[in-house]
>>> print(open('model20.txt').read())   # compact mmCIF, C-alpha atoms
# COMPACT_ATOMS: atom_id res chain seq x y z
CA MET A 1 65.97 -27.16 13.86
CA LYS A 2 63.07 -29.50 13.11
CA PRO A 3 60.73 -27.91 15.67
CA ILE A 4 61.40 -24.48 14.16
CA LYS A 5 60.57 -25.78 10.65
CA PHE A 6 57.34 -27.36 11.91
CA LYS A 7 56.40 -24.07 13.57
CA HIS A 8 56.90 -22.21 10.31
CA GLN A 9 54.62 -24.70 8.56
CA LEU A 10 51.87 -24.13 11.11
CA LEU A 11 52.14 -20.38 10.68
CA LEU A 12 51.93 -20.78 6.92
CA LEU A 13 48.82 -22.96 7.13
CA PHE A 14 47.18 -20.52 9.54
CA GLY A 15 47.90 -17.61 7.23
CA LEU A 16 46.44 -19.44 4.25
CA SER A 17 43.28 -20.30 6.19
CA ILE A 18 42.82 -16.66 7.19
CA MET A 19 43.19 -15.59 3.55
CA ALA A 20 40.69 -18.22 2.40
CA TRP A 21 38.13 -17.19 5.02
CA SER A 22 38.57 -13.53 4.10
CA CYS A 23 38.09 -14.22 0.39
CA SER A 24 35.04 -16.39 1.09
CA SER A 25 33.48 -13.68 3.26
CA ASP A 26 34.13 -11.04 0.61
CA ASP A 27 32.65 -13.27 -2.11
CA ASP A 28 29.50 -13.92 -0.04
CA SER A 29 29.07 -10.22 0.62
CA ASN A 30 29.54 -9.38 -3.05
CA ASN A 31 27.13 -12.14 -4.12
CA ASN A 32 24.48 -10.93 -1.69
CA GLN A 33 24.85 -7.38 -2.95
CA ASN A 34 24.52 -8.71 -6.50
CA THR A 35 21.24 -10.48 -5.64
CA GLN A 36 19.85 -7.31 -4.09
CA ALA A 37 21.03 -5.21 -7.03
CA GLN A 38 19.48 -7.63 -9.55
CA ILE A 39 16.07 -7.42 -7.89
CA GLN A 40 16.25 -3.63 -7.62
CA ALA A 41 17.22 -3.30 -11.29
CA SER A 42 14.34 -5.53 -12.38
CA VAL A 43 11.80 -3.75 -10.20
CA THR A 44 12.73 -0.25 -11.36
CA ALA A 45 12.86 -1.22 -15.06
CA ASN A 46 9.20 -2.20 -15.39
CA THR A 47 5.60 -1.29 -14.69
CA TRP A 48 3.84 -3.75 -12.36
CA ILE A 49 0.35 -4.81 -11.35
CA ILE A 50 -0.80 -6.73 -8.29
CA THR A 51 -1.99 -10.17 -9.34
CA ARG A 52 -2.40 -11.55 -5.83
CA PHE A 53 -3.04 -9.97 -2.43
CA VAL A 54 -4.35 -12.16 0.37
CA ASP A 55 -4.72 -10.44 3.74
CA SER A 56 -5.05 -12.98 6.59
CA GLY A 57 -7.04 -15.34 4.38
CA ASN A 58 -9.12 -12.66 2.61
CA ASP A 59 -8.47 -12.27 -1.12
CA GLU A 60 -8.33 -8.49 -1.69
CA THR A 61 -6.60 -8.52 -5.07
CA GLY A 62 -9.54 -6.67 -6.64
CA HIS A 63 -8.86 -3.57 -4.52
CA PHE A 64 -5.81 -2.86 -6.69
CA SER A 65 -6.92 -4.20 -10.08
CA CYS A 66 -7.03 -0.75 -11.68
CA TYR A 67 -3.58 0.40 -10.52
CA ALA A 68 -0.19 0.37 -12.22
CA PHE A 69 2.82 0.45 -9.87
CA GLN A 70 6.12 2.20 -10.60
CA PHE A 71 9.11 1.58 -8.33
CA GLY A 72 11.37 4.62 -8.70
CA ALA A 73 15.14 4.35 -8.38
CA ASN A 74 14.93 7.12 -5.77
CA GLY A 75 12.75 4.97 -3.50
CA THR A 76 9.42 6.47 -4.56
CA LEU A 77 6.54 4.04 -5.15
CA THR A 78 3.68 5.36 -7.30
CA ALA A 79 0.30 3.67 -7.83
CA THR A 80 -1.74 5.15 -10.67
CA SER A 81 -5.24 4.48 -11.97
CA SER A 82 -7.40 6.42 -14.42
CA ASN A 83 -8.82 8.38 -11.48
CA ASN A 84 -6.23 8.44 -8.69
CA THR A 85 -2.52 8.58 -7.98
CA TYR A 86 -0.96 7.56 -4.66
CA THR A 87 2.68 7.95 -3.68
CA GLY A 88 4.58 5.91 -1.13
CA THR A 89 8.08 4.55 -0.60
CA TRP A 90 9.85 1.24 -1.20
CA SER A 91 13.25 -0.31 -0.53
CA ILE A 92 15.06 -3.63 -0.38
CA THR A 93 17.17 -4.16 2.72
CA ASP A 94 19.54 -6.94 3.71
CA SER A 95 19.42 -8.33 7.25
CA ASN A 96 22.62 -10.34 6.76
CA SER A 97 25.24 -9.08 4.34
CA ASN A 98 27.49 -12.08 4.99
CA ASP A 99 25.64 -14.53 2.77
CA ASP A 100 23.73 -14.64 -0.49
CA SER A 101 20.44 -16.00 0.82
CA GLN A 102 17.23 -14.55 -0.57
CA ASP A 103 15.76 -15.22 2.88
CA ASP A 104 17.79 -12.32 4.28
CA LEU A 105 16.24 -9.69 1.99
CA ASP A 106 13.23 -7.60 3.01
CA PHE A 107 11.00 -5.89 0.44
CA ASN A 108 9.73 -2.79 2.28
CA ILE A 109 6.56 -0.94 1.22
CA ASN A 110 4.96 2.08 2.87
CA PHE A 111 1.98 4.21 1.89
CA ASN A 112 1.17 6.91 4.47
CA LEU A 113 -2.57 6.44 3.92
CA THR A 114 -5.60 5.10 5.77
CA ASN A 115 -7.32 3.48 2.79
CA GLU A 116 -6.74 0.05 1.27
CA PHE A 117 -3.15 0.93 0.36
CA GLU A 118 -2.04 0.89 3.99
CA ASP A 119 -2.68 -2.87 3.93
CA LEU A 120 0.33 -3.20 1.63
CA ASN A 121 2.67 -1.67 4.23
CA ASP A 122 5.15 -4.22 5.54
CA ASP A 123 8.72 -5.52 5.46
CA TRP A 124 7.81 -8.40 3.18
CA ASP A 125 9.89 -11.55 2.79
CA ILE A 126 10.68 -12.65 -0.76
CA ILE A 127 9.36 -16.08 -1.78
CA SER A 128 10.58 -15.90 -5.35
CA TYR A 129 11.52 -13.39 -7.99
CA SER A 130 12.18 -13.21 -11.71
CA ALA A 131 12.29 -10.51 -14.34
CA ASN A 132 8.48 -10.70 -14.58
CA SER A 133 7.22 -11.59 -11.12
CA ILE A 134 7.93 -10.97 -7.44
CA ALA A 135 6.15 -13.12 -4.86
CA LEU A 136 6.15 -11.87 -1.25
CA ILE A 137 4.94 -13.20 2.10
CA ASP A 138 4.49 -11.89 5.61
CA VAL A 139 3.80 -14.16 8.58
CA SER A 140 2.43 -12.10 11.46
CA GLY A 141 3.22 -12.99 15.04
CA GLY A 142 0.54 -13.56 17.67
CA ASN A 143 -1.78 -15.50 15.33
CA GLY A 144 -2.10 -12.47 13.09
CA GLY A 145 -2.33 -14.62 9.97
CA THR A 146 -0.26 -14.88 6.80
CA ASP A 147 -0.36 -12.34 3.97
CA TYR A 148 0.66 -12.91 0.35
CA LEU A 149 1.49 -10.27 -2.25
CA THR A 150 2.54 -10.82 -5.86
CA PHE A 151 3.59 -8.16 -8.36
CA THR A 152 3.64 -9.08 -12.06
CA VAL A 153 4.93 -7.04 -14.98
CA GLY A 154 1.96 -5.66 -16.92
CA ALA A 155 -0.72 -3.01 -17.15
CA PRO A 156 -4.27 -2.85 -15.74
CA ASN A 157 -7.15 -3.82 -17.99
CA SER A 158 -8.40 -0.80 -19.87
CA ASN A 159 -11.96 -1.42 -18.65
CA CYS A 160 -11.16 -2.51 -15.11
CA SER A 161 -13.57 0.00 -13.51
CA SER A 162 -17.24 -0.94 -13.38
CA GLU A 163 -19.84 1.31 -14.97
CA THR A 164 -21.30 1.99 -11.53
CA GLN A 165 -17.91 3.03 -10.17
CA THR A 166 -17.30 5.34 -13.12
CA THR A 167 -20.76 6.90 -12.77
CA ILE A 168 -20.28 7.65 -9.06
CA GLN A 169 -16.80 9.06 -9.63
CA ASP A 170 -18.11 11.38 -12.34
CA ASN A 171 -21.00 12.49 -10.13
CA VAL A 172 -18.85 13.13 -7.07
CA ALA A 173 -16.20 15.04 -9.02
CA THR A 174 -18.84 17.52 -10.22
CA GLY A 175 -19.76 20.55 -8.09
CA THR A 176 -19.39 20.88 -4.31
CA TRP A 177 -20.90 18.80 -1.52
CA ARG A 178 -21.85 19.21 2.13
CA ILE A 179 -22.23 16.72 4.99
CA THR A 180 -25.88 16.43 6.04
CA ASN A 181 -25.45 13.45 8.37
CA PHE A 182 -22.52 12.08 10.32
CA VAL A 183 -23.16 9.67 13.17
CA ASP A 184 -20.09 8.25 14.89
CA SER A 185 -20.92 5.12 16.94
CA GLY A 186 -24.32 6.52 17.91
CA THR A 187 -23.21 10.13 18.44
CA ASP A 188 -24.49 12.72 15.97
CA GLU A 189 -21.50 14.88 15.00
CA THR A 190 -22.96 16.47 11.87
CA THR A 191 -22.51 20.01 13.25
CA ASN A 192 -18.72 19.52 13.38
CA PHE A 193 -18.74 20.03 9.62
CA SER A 194 -21.36 22.78 9.30
CA GLY A 195 -20.40 25.41 6.74
CA TYR A 196 -17.81 23.26 4.99
CA ASN A 197 -18.07 22.63 1.26
CA PHE A 198 -16.31 19.51 -0.02
CA THR A 199 -14.75 19.27 -3.47
CA PHE A 200 -13.77 15.84 -4.77
CA ASN A 201 -11.12 16.62 -7.37
CA SER A 202 -10.53 14.12 -10.17
CA SER A 203 -6.85 14.03 -9.14
CA GLY A 204 -7.84 12.31 -5.88
CA VAL A 205 -7.54 15.43 -3.71
CA LEU A 206 -10.43 16.07 -1.31
CA ASN A 207 -10.79 19.72 -0.30
CA ALA A 208 -12.90 21.02 2.62
CA ASN A 209 -13.41 24.79 2.86
CA ASN A 210 -15.69 26.97 4.99
CA GLY A 211 -14.45 30.31 3.66
CA THR A 212 -11.83 30.85 6.37
CA THR A 213 -10.38 27.40 7.01
CA GLU A 214 -9.28 24.90 4.42
CA TYR A 215 -8.21 21.26 4.71
CA ASN A 216 -6.95 18.88 2.04
CA GLY A 217 -7.15 15.11 2.10
CA THR A 218 -7.54 12.27 -0.41
CA TRP A 219 -10.45 10.26 -1.74
CA SER A 220 -10.98 7.28 -4.04
CA ILE A 221 -13.52 4.66 -4.99
CA THR A 222 -12.19 1.13 -5.24
CA ASP A 223 -13.80 -2.06 -6.48
CA SER A 224 -13.23 -5.28 -4.52
CA ASN A 225 -14.60 -7.34 -7.41
CA SER A 226 -13.97 -5.98 -10.88
CA ASN A 227 -15.80 -8.92 -12.43
CA ASP A 228 -19.26 -7.55 -11.70
CA ASP A 229 -20.99 -4.18 -11.44
CA HIS A 230 -22.52 -4.41 -7.98
CA LEU A 231 -22.64 -1.44 -5.58
CA ASP A 232 -21.82 -3.74 -2.64
CA ASP A 233 -18.31 -4.30 -4.05
CA LEU A 234 -17.38 -0.59 -3.97
CA ASP A 235 -15.55 1.23 -1.18
CA PHE A 236 -15.60 5.02 -0.80
CA ASN A 237 -12.19 5.82 0.72
CA ILE A 238 -11.57 9.08 2.61
CA ASN A 239 -8.38 10.20 4.33
CA PHE A 240 -7.49 13.46 6.08
CA ASN A 241 -4.02 13.33 7.66
CA LEU A 242 -5.23 15.45 10.58
CA THR A 243 -5.82 15.14 14.32
CA ASN A 244 -9.07 17.16 14.50
CA ASN A 245 -12.70 16.31 13.70
CA PHE A 246 -11.83 15.52 10.10
CA GLN A 247 -9.88 12.42 11.02
CA ASP A 248 -13.20 10.87 12.08
CA LEU A 249 -14.18 10.79 8.40
CA ASN A 250 -11.25 8.53 7.53
CA ASP A 251 -12.46 5.11 6.46
CA ASP A 252 -13.12 2.75 3.57
CA TRP A 253 -16.88 3.40 3.63
CA ASP A 254 -19.49 1.07 2.17
CA PHE A 255 -22.34 2.42 0.05
CA VAL A 256 -25.93 2.45 1.26
CA SER A 257 -27.20 4.37 -1.76
CA GLN A 258 -25.97 6.82 -4.37
CA SER A 259 -27.38 9.30 -6.87
CA ALA A 260 -26.17 12.37 -8.72
CA THR A 261 -27.03 14.54 -5.71
CA ARG A 262 -26.76 12.28 -2.65
CA ILE A 263 -24.26 9.69 -1.38
CA GLU A 264 -25.12 7.62 1.71
CA LEU A 265 -22.28 5.68 3.35
CA ILE A 266 -21.93 3.25 6.26
CA ASP A 267 -19.13 1.61 8.21
CA VAL A 268 -19.71 -1.29 10.57
CA SER A 269 -16.72 -1.69 12.89
CA GLY A 270 -15.64 -5.12 14.03
CA GLY A 271 -15.29 -6.12 17.65
CA GLY A 272 -18.29 -4.14 18.86
CA GLY A 273 -16.88 -0.84 17.65
CA GLY A 274 -20.26 0.48 16.56
CA THR A 275 -21.75 1.65 13.27
CA ASP A 276 -20.98 4.98 11.57
CA TYR A 277 -23.13 6.79 9.00
CA LEU A 278 -22.04 9.53 6.59
CA THR A 279 -24.15 11.37 4.01
CA PHE A 280 -22.96 13.89 1.42
CA GLU A 281 -25.46 16.01 -0.54
CA LYS A 282 -24.64 18.20 -3.50
CA ASN A 283 -25.00 21.97 -3.04
>>> encode(input="model20.txt", output="structure tokens")
Amino acid sequence: MKPIKFKHQLLLLFGLSIMAWSCSSDDDSNNNQNTQAQIQASVTANTWIITRFVDSGNDETGHFSCYAFQFGANGTLTATSSNNTYTGTWSITDSNSNDDSQDDLDFNINFNLTNEFEDLNDDWDIISYSANSIALIDVSGGNGGTDYLTFTVGAPNSNCSSETQTTIQDNVATGTWRITNFVDSGTDETTNFSGYNFTFNSSGVLNANNGTTEYNGTWSITDSNSNDDHLDDLDFNINFNLTNNFQDLNDDWDFVSQSATRIELIDVSGGGGGTDYLTFEKN
């Protein structure tokens, strides 16, 4: 009889341990979901600005100083300035639903663009979060460097655009323009755009039309240093989501010169990629 009683005790202890493990697992899963839900609720409830963006050691916070970010509950991410609006996607995903560690959460951002906003695209790790701030990090493999991104609740400064930036934007958004020079790494490809008139709409849409064919892309002018009014700090961003000649125009161009009727741009590629030149003149 005693062996049977001892056996029953073992079975009872085993059953209790299974129940305890099951409850613990359920609690961890629920806690992790709660952490994710708390961050999502905070993010969607506010308007945010970027107060820090360091890309492999380069401080590029100023590229986004004029933009307010809205994280929609439907996964839409909208960046809005006084001149442009860009739409992307965002999400928070959990790589391990069995515990409540912040380290298991990824903050995913994607803008399908080829301007400065594509630099924000990543599955960021969360360093810290509160109701007013979210600090993110990404450590790239293969000596790719470490990136830092911080969103803070707030609104852009009302005068975050420089006078030079505003002047160029107003000039470009008036009338139609044509390409009078496009040199791609030493090859003159100006004729690829003959007959096309370009319209830089204030909404950020860039339209190219030759009377029979029409293409739409995006454009913007961003300021890498909103603390001064220097032309060298401005980027002229162009993006056509195409696979023809127009994709060659995609870049964050630097300014050589600008006037009400002529914009000269340059891009010097790293790693011996050559130098590109692009000139628009008003019709």
>>> atom_distance(input="model20.txt", atom1="CA of Ser42 in chain A", atom2="CA of Asn132 in chain A")
8.1 Å
>>> residues_around(input="model20.txt", residues="range 54-61 of chain A", least_positions_apart="2", cutoff="6 Å", atoms="all atoms listed in the file", output="JSON, numbers by chain")
{"A": [52, 63, 64, 145, 146, 147, 148]}
>>> residues_around(input="model20.txt", residues="range 65-82 of chain A", least_positions_apart="4", cutoff="9 Å", atoms="all atoms listed in the file", output="PDB file with C-alpha atoms, in the frame of the given file")
ATOM      1  CA  GLN A  40      16.250  -3.630  -7.620  1.00  0.00           C
ATOM      2  CA  ALA A  41      17.220  -3.300 -11.290  1.00  0.00           C
ATOM      3  CA  VAL A  43      11.800  -3.750 -10.200  1.00  0.00           C
ATOM      4  CA  THR A  44      12.730  -0.250 -11.360  1.00  0.00           C
ATOM      5  CA  ALA A  45      12.860  -1.220 -15.060  1.00  0.00           C
ATOM      6  CA  ASN A  46       9.200  -2.200 -15.390  1.00  0.00           C
ATOM      7  CA  THR A  47       5.600  -1.290 -14.690  1.00  0.00           C
ATOM      8  CA  TRP A  48       3.840  -3.750 -12.360  1.00  0.00           C
ATOM      9  CA  ILE A  49       0.350  -4.810 -11.350  1.00  0.00           C
ATOM     10  CA  ILE A  50      -0.800  -6.730  -8.290  1.00  0.00           C
ATOM     11  CA  THR A  51      -1.990 -10.170  -9.340  1.00  0.00           C
ATOM     12  CA  THR A  61      -6.600  -8.520  -5.070  1.00  0.00           C
ATOM     13  CA  TYR A  86      -0.960   7.560  -4.660  1.00  0.00           C
ATOM     14  CA  THR A  87       2.680   7.950  -3.680  1.00  0.00           C
ATOM     15  CA  GLY A  88       4.580   5.910  -1.130  1.00  0.00           C
ATOM     16  CA  THR A  89       8.080   4.550  -0.600  1.00  0.00           C
ATOM     17  CA  TRP A  90       9.850   1.240  -1.200  1.00  0.00           C
ATOM     18  CA  SER A  91      13.250  -0.310  -0.530  1.00  0.00           C
ATOM     19  CA  ILE A 109       6.560  -0.940   1.220  1.00  0.00           C
ATOM     20  CA  ASN A 110       4.960   2.080   2.870  1.00  0.00           C
ATOM     21  CA  PHE A 111       1.980   4.210   1.890  1.00  0.00           C
ATOM     22  CA  PHE A 151       3.590  -8.160  -8.360  1.00  0.00           C
ATOM     23  CA  GLY A 154       1.960  -5.660 -16.920  1.00  0.00           C
ATOM     24  CA  ALA A 155      -0.720  -3.010 -17.150  1.00  0.00           C
ATOM     25  CA  PRO A 156      -4.270  -2.850 -15.740  1.00  0.00           C
ATOM     26  CA  ASN A 157      -7.150  -3.820 -17.990  1.00  0.00           C
ATOM     27  CA  SER A 158      -8.400  -0.800 -19.870  1.00  0.00           C
ATOM     28  CA  ASN A 159     -11.960  -1.420 -18.650  1.00  0.00           C
ATOM     29  CA  CYS A 160     -11.160  -2.510 -15.110  1.00  0.00           C
ATOM     30  CA  SER A 161     -13.570   0.000 -13.510  1.00  0.00           C
ATOM     31  CA  THR A 222     -12.190   1.130  -5.240  1.00  0.00           C
ATOM     32  CA  ASP A 223     -13.800  -2.060  -6.480  1.00  0.00           C
ATOM     33  CA  SER A 224     -13.230  -5.280  -4.520  1.00  0.00           C
ATOM     34  CA  ASN A 225     -14.600  -7.340  -7.410  1.00  0.00           C
ATOM     35  CA  SER A 226     -13.970  -5.980 -10.880  1.00  0.00           C
TER      36      SER A 226
END
>>> atom_distance(input="model20.txt", atom1="CA of Leu234 in chain A", atom2="CA of Gly274 in chain A")
20.8 Å
>>> closest_residue(input="model20.txt", among="A:Asn115, A:Asn250, A:Thr213, A:Thr199", to="Thr174 in chain A", atoms="only C-alpha atoms")
A:Thr199
>>> atom_distance(input="model20.txt", atom1="CA of Leu136 in chain A", atom2="CA of Asp106 in chain A")
9.3 Å
>>> closest_residue(input="model20.txt", among="A:Asn181, A:Asn283, A:Gly204, A:Tyr215", to="Thr243 in chain A", atoms="all atoms listed in the file")
A:Tyr215
>>> residues_around(input="model20.txt", residues="Asn237 in chain A", least_positions_apart="5", cutoff="6 Å", atoms="only C-alpha atoms", output="list in words")
Asn115, Trp219, Ser220, Ile221, Asp251 and Asp252 of chain A
>>> residues_around(input="model20.txt", residues="Val268 in chain A", least_positions_apart="4", cutoff="12 Å", atoms="all atoms listed in the file", output="compact mmCIF listing (two decimals) with C-alpha atoms, in the frame of the given file")
# COMPACT_ATOMS: atom_id res chain seq x y z
CA VAL A 183 -23.16 9.67 13.17
CA ASP A 184 -20.09 8.25 14.89
CA SER A 185 -20.92 5.12 16.94
CA GLY A 186 -24.32 6.52 17.91
CA ASP A 251 -12.46 5.11 6.46
CA ASP A 252 -13.12 2.75 3.57
CA TRP A 253 -16.88 3.40 3.63
CA ASP A 254 -19.49 1.07 2.17
CA PHE A 255 -22.34 2.42 0.05
CA VAL A 256 -25.93 2.45 1.26
CA GLY A 272 -18.29 -4.14 18.86
CA GLY A 273 -16.88 -0.84 17.65
CA GLY A 274 -20.26 0.48 16.56
CA THR A 275 -21.75 1.65 13.27
CA ASP A 276 -20.98 4.98 11.57
CA TYR A 277 -23.13 6.79 9.00
CA LEU A 278 -22.04 9.53 6.59
>>> closest_residue(input="model20.txt", among="A:Ile179, A:Ile92, A:Ile39, A:Leu242", to="Leu265 in chain A", atoms="only C-alpha atoms")
A:Ile179
>>> closest_residue(input="model20.txt", among="A:Thr180, A:Asn34, A:Thr114, A:Thr93", to="Asn239 in chain A", atoms="all atoms listed in the file")
A:Thr114
>>> closest_residue(input="model20.txt", among="A:Phe200, A:Phe246, A:Tyr129, A:Trp177", to="Thr279 in chain A", atoms="only C-alpha atoms")
A:Trp177
>>> closest_residue(input="model20.txt", among="A:Asn207, A:Thr35, A:Gln247, A:Ser259", to="Ser130 in chain A", atoms="all atoms listed in the file")
A:Thr35
>>> residues_around(input="model20.txt", residues="Ala135 in chain A", least_positions_apart="5", cutoff="6 Å", atoms="only C-alpha atoms", output="PyMOL selection string")
chain A and resi 127-128+150
>>> axis_aligned_box(input="model20.txt", around="range 74-92 of chain A", padding_each_side="6 Å", output="lines of an AutoDock Vina configuration file")
center_x = 3.1
center_y = 2.5
center_z = -7.4
size_x = 35.9
size_y = 24.2
size_z = 26.0
>>> residues_near_point(input="model20.txt", point="(-20.9, 26.0, 10.3)", cutoff="12 Å", atoms="only C-alpha atoms", output="list in words")
Arg178, Ile179, Thr180, Thr190, Thr191, Asn192, Phe193, Ser194, Gly195, Tyr196, Asn197, Asn209, Asn210, Gly211, Thr212 and Thr213 of chain A
>>> build_atoms(input="model20.txt", residues="range 211-222 of chain A", atoms="N, CA, C and O atoms", output="PDB file, in the frame of the given file")
ATOM      1  N   GLY A 211     -14.654  28.883   3.936  1.00  0.00           N
ATOM      2  CA  GLY A 211     -14.450  30.310   3.660  1.00  0.00           C
ATOM      3  C   GLY A 211     -13.299  30.913   4.426  1.00  0.00           C
ATOM      4  O   GLY A 211     -12.685  31.880   3.957  1.00  0.00           O
ATOM      5  N   THR A 212     -12.967  30.359   5.583  1.00  0.00           N
ATOM      6  CA  THR A 212     -11.830  30.850   6.370  1.00  0.00           C
ATOM      7  C   THR A 212     -10.798  29.755   6.651  1.00  0.00           C
ATOM      8  O   THR A 212      -9.619  30.040   6.802  1.00  0.00           O
ATOM      9  N   THR A 213     -11.273  28.526   6.725  1.00  0.00           N
ATOM     10  CA  THR A 213     -10.380  27.400   7.010  1.00  0.00           C
ATOM     11  C   THR A 213     -10.482  26.386   5.883  1.00  0.00           C
ATOM     12  O   THR A 213     -11.566  26.104   5.370  1.00  0.00           O
ATOM     13  N   GLU A 214      -9.326  25.846   5.525  1.00  0.00           N
ATOM     14  CA  GLU A 214      -9.280  24.900   4.420  1.00  0.00           C
ATOM     15  C   GLU A 214      -8.435  23.688   4.804  1.00  0.00           C
ATOM     16  O   GLU A 214      -7.361  23.818   5.397  1.00  0.00           O
ATOM     17  N   TYR A 215      -8.944  22.504   4.483  1.00  0.00           N
ATOM     18  CA  TYR A 215      -8.210  21.260   4.710  1.00  0.00           C
ATOM     19  C   TYR A 215      -8.179  20.457   3.413  1.00  0.00           C
ATOM     20  O   TYR A 215      -9.151  20.453   2.644  1.00  0.00           O
ATOM     21  N   ASN A 216      -7.075  19.753   3.200  1.00  0.00           N
ATOM     22  CA  ASN A 216      -6.950  18.880   2.040  1.00  0.00           C
ATOM     23  C   ASN A 216      -6.666  17.451   2.487  1.00  0.00           C
ATOM     24  O   ASN A 216      -5.844  17.217   3.387  1.00  0.00           O
ATOM     25  N   GLY A 217      -7.368  16.525   1.859  1.00  0.00           N
ATOM     26  CA  GLY A 217      -7.150  15.110   2.100  1.00  0.00           C
ATOM     27  C   GLY A 217      -7.159  14.367   0.768  1.00  0.00           C
ATOM     28  O   GLY A 217      -6.901  14.959  -0.277  1.00  0.00           O
ATOM     29  N   THR A 218      -7.458  13.075   0.808  1.00  0.00           N
ATOM     30  CA  THR A 218      -7.540  12.270  -0.410  1.00  0.00           C
ATOM     31  C   THR A 218      -8.839  11.465  -0.413  1.00  0.00           C
ATOM     32  O   THR A 218      -9.438  11.206   0.637  1.00  0.00           O
ATOM     33  N   TRP A 219      -9.270  11.090  -1.596  1.00  0.00           N
ATOM     34  CA  TRP A 219     -10.450  10.260  -1.740  1.00  0.00           C
ATOM     35  C   TRP A 219     -10.264   9.319  -2.931  1.00  0.00           C
ATOM     36  O   TRP A 219      -9.468   9.581  -3.837  1.00  0.00           O
ATOM     37  N   SER A 220     -10.974   8.209  -2.909  1.00  0.00           N
ATOM     38  CA  SER A 220     -10.980   7.280  -4.040  1.00  0.00           C
ATOM     39  C   SER A 220     -12.171   6.350  -3.900  1.00  0.00           C
ATOM     40  O   SER A 220     -12.760   6.218  -2.818  1.00  0.00           O
ATOM     41  N   ILE A 221     -12.522   5.727  -4.989  1.00  0.00           N
ATOM     42  CA  ILE A 221     -13.520   4.660  -4.990  1.00  0.00           C
ATOM     43  C   ILE A 221     -12.850   3.431  -5.561  1.00  0.00           C
ATOM     44  O   ILE A 221     -12.298   3.473  -6.667  1.00  0.00           O
ATOM     45  N   THR A 222     -12.840   2.354  -4.797  1.00  0.00           N
ATOM     46  CA  THR A 222     -12.190   1.130  -5.240  1.00  0.00           C
ATOM     47  C   THR A 222     -13.211   0.001  -5.328  1.00  0.00           C
ATOM     48  O   THR A 222     -14.237   0.006  -4.646  1.00  0.00           O
TER      49      THR A 222
END
